[in-house]
Amino acid sequence: MNKVLIIDDALFMRKLIRQALEPFGFEINEAENGLEGINKFNEFNPDVTTLDIVMPEMDGLEVLKRIRDQKPNSPVVMITAVDQRESMLKAMKLGVTDFIVKPFDEDRVISAVEKAIQITKEMTK
Amino acid sequence: MLEQEFITELQILAQNGAENASRALSRFLAREMLIKVASVSTSKIEDIPESLAESDAIVAGIVTRITGEIEGNAALIFKEEDSLTLIRILGGSKKSDLRSGLGELERSMLQETANITISSFMNSIGTHLNKRAVPSVPVFFADLAGAILSVLLLETAEVFDDAVLFSTFFECQHENLKGFFVFFPSPSSLTTLKEGLANG
Amino acid sequence: MAKQNEGKIIKVLIGQISLSRSPNVLQSVLGSCVGVCLYDQKQKLGGLAHILLPNSDGRNTGELPGKYANLAIPVFYEAILKHGASEKRIRAKIAGGAHMFANTVGLVKQNIGQLNVEAVTNSLSKLNIPIVSTETGGSSGRKVEFNLTTFELHIENFSSSGTKII
């Protein structure tokens, strides 16, 4: 079973992403801030991480940087709002796998997560 | 405070911003949110709260600070009954009421709605002017409309007796859901808005 | 809140100062703003100032006499004297001055509510106006109604149920 870690400070966003993925048999874990996200990333060892870009205290970019330091190839899908082009560019430089732009529908979440897993499998073959 | 030509150009910005925001809001809610009025105006600060809502109405206000080259205060505001309709649409608790406080999920729903609306609006403005305007994480407050609005316009009031105000009123007729968005640019950002328009 | 027989409810907007007499009621909705009541009970005369900011720092009030506490209180005092109040009988009541949006990044630089209350208190004490009662602070808005028949200040605080009378 593929594992997904959802890092987002907004409970409602975590719920939406969980709802989208659960019917497809993913094992889900959640973190509500950056620091908790990094700890859970190490404990849970997810196949994909969805990461909110705007969070108080430690933001998504910092979390991505730390994830990349540990596992350069672990897929990370960033959740962003439309206005975050500057942050999106930074995330691309840090090697983000994909973006989901809010507002999104459930299909977009599934396809992004599945694609991220597939790309990583091919890369590590 | 501002000349008519500048106001006219700002009006176009306001309309574009409102359209962008209404599209994003409609997608998020899976329901058509129409723009009833999208405007920018210069109003006397004492008249602003009552021009937007009854001052003593209980509202959900999700407020945020805009930072970047364009700064200011923004909020998405729903009257109590509308905020509860919104929560119901998004699948939250039907027993919610503003005075006794919302659950974390319900607060998160309102904050996310505001995040999407305000980000879309500010993104449109920023793109048209080629200036950065980034909302911080929106925070939910339940309070009296007049109390919330008076604090949003404090920054402008420190400098002027009038405030420039972008406002958009949304409506979803099918759900009888109404709400409005307001953006008060900081006094220092008015110059930036002008520059952006001149170069645009 | 109780409707007055025959009396009008007069809204006092941001930065305004209103004087009136029984049986009217003066009303404001306050966040970090402070509502200051001055009154002379014997003359059945009173007023409400809806103060937005603590200090004018050299700026003038423009069209809003009640905008800044330091300028509003002396103007208010002169006005109520002109309408027949006696220096000795003037009393004050204060409400409002909440610390709104306390946890919102960057939106509120300081506790304006508290600064407003302090500025109002200072200005009143300079004029030797006794403060009879106060209901200030907290983090929520208030609807206040100053009854010019009873000189009671009715306060509905958003965060608590019912009406408090001071």
# chains A, B, ... in the order shown; residues from 1 in each chain; ligands from 1
call {"tool": "closest_atom_pairs", "arguments": {"of": "chain B", "to": "chain A", "cutoff": "10 Å", "atoms": "only C-alpha atoms", "output": "JSON lines"}}
result
{"residue": "B:Arg23", "atom": "CA", "partner": "A:Pro103", "partner_atom": "CA", "distance": 9.8}
{"residue": "B:Ala24", "atom": "CA", "partner": "A:Pro103", "partner_atom": "CA", "distance": 6.4}
{"residue": "B:Leu25", "atom": "CA", "partner": "A:Pro103", "partner_atom": "CA", "distance": 7.8}
{"residue": "B:Ser26", "atom": "CA", "partner": "A:Pro103", "partner_atom": "CA", "distance": 9.2}
{"residue": "B:Arg27", "atom": "CA", "partner": "A:Pro103", "partner_atom": "CA", "distance": 6.4}
{"residue": "B:Phe28", "atom": "CA", "partner": "A:Pro103", "partner_atom": "CA", "distance": 5.1}
{"residue": "B:Leu29", "atom": "CA", "partner": "A:Pro103", "partner_atom": "CA", "distance": 8.9}
{"residue": "B:Ala30", "atom": "CA", "partner": "A:Asp105", "partner_atom": "CA", "distance": 9.3}
{"residue": "B:Leu90", "atom": "CA", "partner": "A:Phe12", "partner_atom": "CA", "distance": 9.2}
{"residue": "B:Gly91", "atom": "CA", "partner": "A:Phe12", "partner_atom": "CA", "distance": 9.9}
{"residue": "B:Gly92", "atom": "CA", "partner": "A:Phe12", "partner_atom": "CA", "distance": 9.4}
{"residue": "B:Glu104", "atom": "CA", "partner": "A:Leu11", "partner_atom": "CA", "distance": 7.1}
{"residue": "B:Leu105", "atom": "CA", "partner": "A:Phe12", "partner_atom": "CA", "distance": 5.6}
{"residue": "B:Glu106", "atom": "CA", "partner": "A:Phe12", "partner_atom": "CA", "distance": 7.7}
{"residue": "B:Arg107", "atom": "CA", "partner": "A:Phe12", "partner_atom": "CA", "distance": 8.5}
{"residue": "B:Ser108", "atom": "CA", "partner": "A:Phe12", "partner_atom": "CA", "distance": 5.3}
{"residue": "B:Met109", "atom": "CA", "partner": "A:Phe12", "partner_atom": "CA", "distance": 5.5}
{"residue": "B:Leu110", "atom": "CA", "partner": "A:Phe12", "partner_atom": "CA", "distance": 9.1}
{"residue": "B:Gln111", "atom": "CA", "partner": "A:Ala10", "partner_atom": "CA", "distance": 8.1}
{"residue": "B:Glu112", "atom": "CA", "partner": "A:Ala10", "partner_atom": "CA", "distance": 7.4}
{"residue": "B:Thr113", "atom": "CA", "partner": "A:Pro103", "partner_atom": "CA", "distance": 9.2}
{"residue": "B:Asn115", "atom": "CA", "partner": "A:Ala81", "partner_atom": "CA", "distance": 7.9}
{"residue": "B:Ile116", "atom": "CA", "partner": "A:Ala81", "partner_atom": "CA", "distance": 6.6}
{"residue": "B:Thr117", "atom": "CA", "partner": "A:Pro103", "partner_atom": "CA", "distance": 9.6}
{"residue": "B:Ile118", "atom": "CA", "partner": "A:Asp83", "partner_atom": "CA", "distance": 9.5}
{"residue": "B:Ser119", "atom": "CA", "partner": "A:Asp83", "partner_atom": "CA", "distance": 5.7}
{"residue": "B:Ser120", "atom": "CA", "partner": "A:Val82", "partner_atom": "CA", "distance": 6.2}
{"residue": "B:Phe121", "atom": "CA", "partner": "A:Asp83", "partner_atom": "CA", "distance": 8.9}
{"residue": "B:Met122", "atom": "CA", "partner": "A:Asp83", "partner_atom": "CA", "distance": 7.3}
{"residue": "B:Asn123", "atom": "CA", "partner": "A:Asp83", "partner_atom": "CA", "distance": 4.8}
{"residue": "B:Ser124", "atom": "CA", "partner": "A:Asp83", "partner_atom": "CA", "distance": 8.2}
{"residue": "B:Gly126", "atom": "CA", "partner": "A:Asp83", "partner_atom": "CA", "distance": 8.5}
{"residue": "B:Thr127", "atom": "CA", "partner": "A:Asp83", "partner_atom": "CA", "distance": 8.9}
{"residue": "B:Arg132", "atom": "CA", "partner": "A:Asp83", "partner_atom": "CA", "distance": 9.0}
{"residue": "B:Ala133", "atom": "CA", "partner": "A:Asp83", "partner_atom": "CA", "distance": 8.2}
{"residue": "B:Val134", "atom": "CA", "partner": "A:Asp83", "partner_atom": "CA", "distance": 7.0}
{"residue": "B:Pro135", "atom": "CA", "partner": "A:Asp83", "partner_atom": "CA", "distance": 8.7}
{"residue": "B:Ser136", "atom": "CA", "partner": "A:Val54", "partner_atom": "CA", "distance": 7.9}
{"residue": "B:Val137", "atom": "CA", "partner": "A:Val54", "partner_atom": "CA", "distance": 7.0}
call {"tool": "residues_around", "arguments": {"residues": "Ser133 of chain C", "least_positions_apart": "4", "cutoff": "10 Å", "atoms": "only C-alpha atoms", "output": "VMD selection string"}}
result
chain C and resid 91 to 95 153 165 to 166
call {"tool": "residues_around", "arguments": {"residues": "Ile119 of chain A", "least_positions_apart": "5", "cutoff": "10 Å", "atoms": "only C-alpha atoms", "output": "MDAnalysis selection string"}}
result
chainID A and resid 73 75 97 114 124
call {"tool": "atom_distance", "arguments": {"atom1": "atom CA of Leu129 of chain B", "atom2": "atom CA of Phe183 of chain B"}}
result
16.0 Å
call {"tool": "closest_atom_pairs", "arguments": {"of": "segment 55-111 of chain A", "to": "segment 28-41 of chain A", "cutoff": "8 Å", "atoms": "only C-alpha atoms", "output": "tab-separated table"}}
result
residue	atom	partner	partner_atom	distance
A:Met55	CA	A:Asn33	CA	7.0
A:Pro56	CA	A:Asn33	CA	7.7
A:Glu57	CA	A:Gly34	CA	7.6
A:Met58	CA	A:Gly34	CA	5.1
A:Asp59	CA	A:Gly34	CA	6.4
A:Gly60	CA	A:Gly34	CA	6.9
A:Glu62	CA	A:Gly34	CA	8.0
A:Val63	CA	A:Gly34	CA	5.8
A:Arg66	CA	A:Ile38	CA	7.5
A:Ile67	CA	A:Ile38	CA	7.1
call {"tool": "interface_residues", "arguments": {"of": "chain C", "to": "chain B", "cutoff": "9 Å", "atoms": "only C-alpha atoms", "output": "JSON, numbers by chain"}}
result
{"C": [13, 14, 15, 16, 28, 29, 30, 31, 32, 33, 52, 53, 56, 59, 61, 62, 63, 64, 67, 100, 101, 103, 104, 105, 106, 107, 108, 140, 141, 142, 143, 158, 159, 160, 161]}
call {"tool": "write_last_selection", "arguments": {"atoms": "C-alpha atoms", "output": "PDB file, in the first residue's frame"}}
result
ATOM      1  CA  LEU C  13     -19.979  57.002  13.440  1.00  0.00           C
ATOM      2  CA  ILE C  14     -16.186  56.723  13.556  1.00  0.00           C
ATOM      3  CA  GLY C  15     -14.612  60.027  14.519  1.00  0.00           C
ATOM      4  CA  GLN C  16     -17.887  61.763  15.256  1.00  0.00           C
ATOM      5  CA  SER C  28     -21.934  53.214  18.338  1.00  0.00           C
ATOM      6  CA  VAL C  29     -20.302  49.932  17.370  1.00  0.00           C
ATOM      7  CA  LEU C  30     -16.756  49.811  18.709  1.00  0.00           C
ATOM      8  CA  GLY C  31     -13.780  47.546  18.032  1.00  0.00           C
ATOM      9  CA  SER C  32     -10.473  49.068  19.075  1.00  0.00           C
ATOM     10  CA  CYS C  33     -12.270  52.429  19.041  1.00  0.00           C
ATOM     11  CA  LEU C  52     -10.477  55.961  16.548  1.00  0.00           C
ATOM     12  CA  LEU C  53      -6.866  56.766  17.392  1.00  0.00           C
ATOM     13  CA  SER C  56      -2.927  63.204  16.429  1.00  0.00           C
ATOM     14  CA  ARG C  59      -1.969  66.187  12.343  1.00  0.00           C
ATOM     15  CA  THR C  61      -8.540  66.336  12.764  1.00  0.00           C
ATOM     16  CA  GLY C  62      -9.811  67.210   9.304  1.00  0.00           C
ATOM     17  CA  GLU C  63     -13.541  66.809   9.235  1.00  0.00           C
ATOM     18  CA  LEU C  64     -13.665  64.363  12.108  1.00  0.00           C
ATOM     19  CA  LYS C  67     -10.839  60.956  15.403  1.00  0.00           C
ATOM     20  CA  MET C 100      -8.746  43.235  17.900  1.00  0.00           C
ATOM     21  CA  PHE C 101      -6.987  40.744  15.592  1.00  0.00           C
ATOM     22  CA  ASN C 103      -2.831  37.159  16.532  1.00  0.00           C
ATOM     23  CA  THR C 104      -2.971  38.267  12.935  1.00  0.00           C
ATOM     24  CA  VAL C 105       0.460  38.656  11.401  1.00  0.00           C
ATOM     25  CA  GLY C 106       1.218  42.232  10.428  1.00  0.00           C
ATOM     26  CA  LEU C 107      -2.338  43.496  10.445  1.00  0.00           C
ATOM     27  CA  VAL C 108      -2.319  45.293  13.756  1.00  0.00           C
ATOM     28  CA  SER C 140     -14.118  41.632  20.882  1.00  0.00           C
ATOM     29  CA  GLY C 141     -16.307  44.374  19.531  1.00  0.00           C
ATOM     30  CA  ARG C 142     -19.077  46.095  21.448  1.00  0.00           C
ATOM     31  CA  LYS C 143     -22.348  47.764  20.593  1.00  0.00           C
ATOM     32  CA  PHE C 158     -19.824  40.251  21.282  1.00  0.00           C
ATOM     33  CA  SER C 159     -17.949  37.715  23.394  1.00  0.00           C
ATOM     34  CA  SER C 160     -20.451  37.656  26.271  1.00  0.00           C
ATOM     35  CA  SER C 161     -24.192  37.233  26.251  1.00  0.00           C
TER      36      SER C 161
END
call {"tool": "residues_around", "arguments": {"residues": "Arg89 of chain C", "least_positions_apart": "4", "cutoff": "12 Å", "atoms": "only C-alpha atoms", "output": "list of chain:residue names"}}
result
C:Leu38, C:Tyr39, C:Asp40, C:Gln41, C:Lys42, C:Gln43, C:Lys44, C:Leu45, C:Gly46, C:Tyr77, C:Ile80, C:Leu81, C:Gly84, C:Ala85, C:Asn128, C:Ile129, C:Pro130, C:Ile131, C:Val132
call {"tool": "select_by_dssp", "arguments": {"residues": "chain A", "states": "alpha helix (DSSP H)", "output": "PyMOL selection string"}}
result
chain A and resi 11-21+34-44+60-70+85-93+106-124
call {"tool": "select_by_dssp", "arguments": {"residues": "chain A", "states": "strand (DSSP E)", "output": "PyMOL selection string"}}
result
chain A and resi 3-7+27-31+48-52+76-80+98-101
call {"tool": "residues_around", "arguments": {"residues": "Pro46 of chain A", "least_positions_apart": "4", "cutoff": "8 Å", "atoms": "only C-alpha atoms", "output": "list in words"}}
result
Asn2, Lys3, Val4, Leu5 and Phe41 of chain A
call {"tool": "atom_distance", "arguments": {"atom1": "atom CA of Gln11 of chain B", "atom2": "atom CA of Glu71 of chain B"}}
result
18.0 Å
call {"tool": "residues_around", "arguments": {"residues": "segment 24-27 of chain C", "least_positions_apart": "4", "cutoff": "6 Å", "atoms": "only C-alpha atoms", "output": "ChimeraX atom specification"}}
result
/C:7-12,144-148
call {"tool": "closest_residue", "arguments": {"among": "B:Ala21, B:Leu177, B:Ile125, B:Leu84", "to": "Glu9 of chain B", "atoms": "only C-alpha atoms"}}
result
B:Ile125
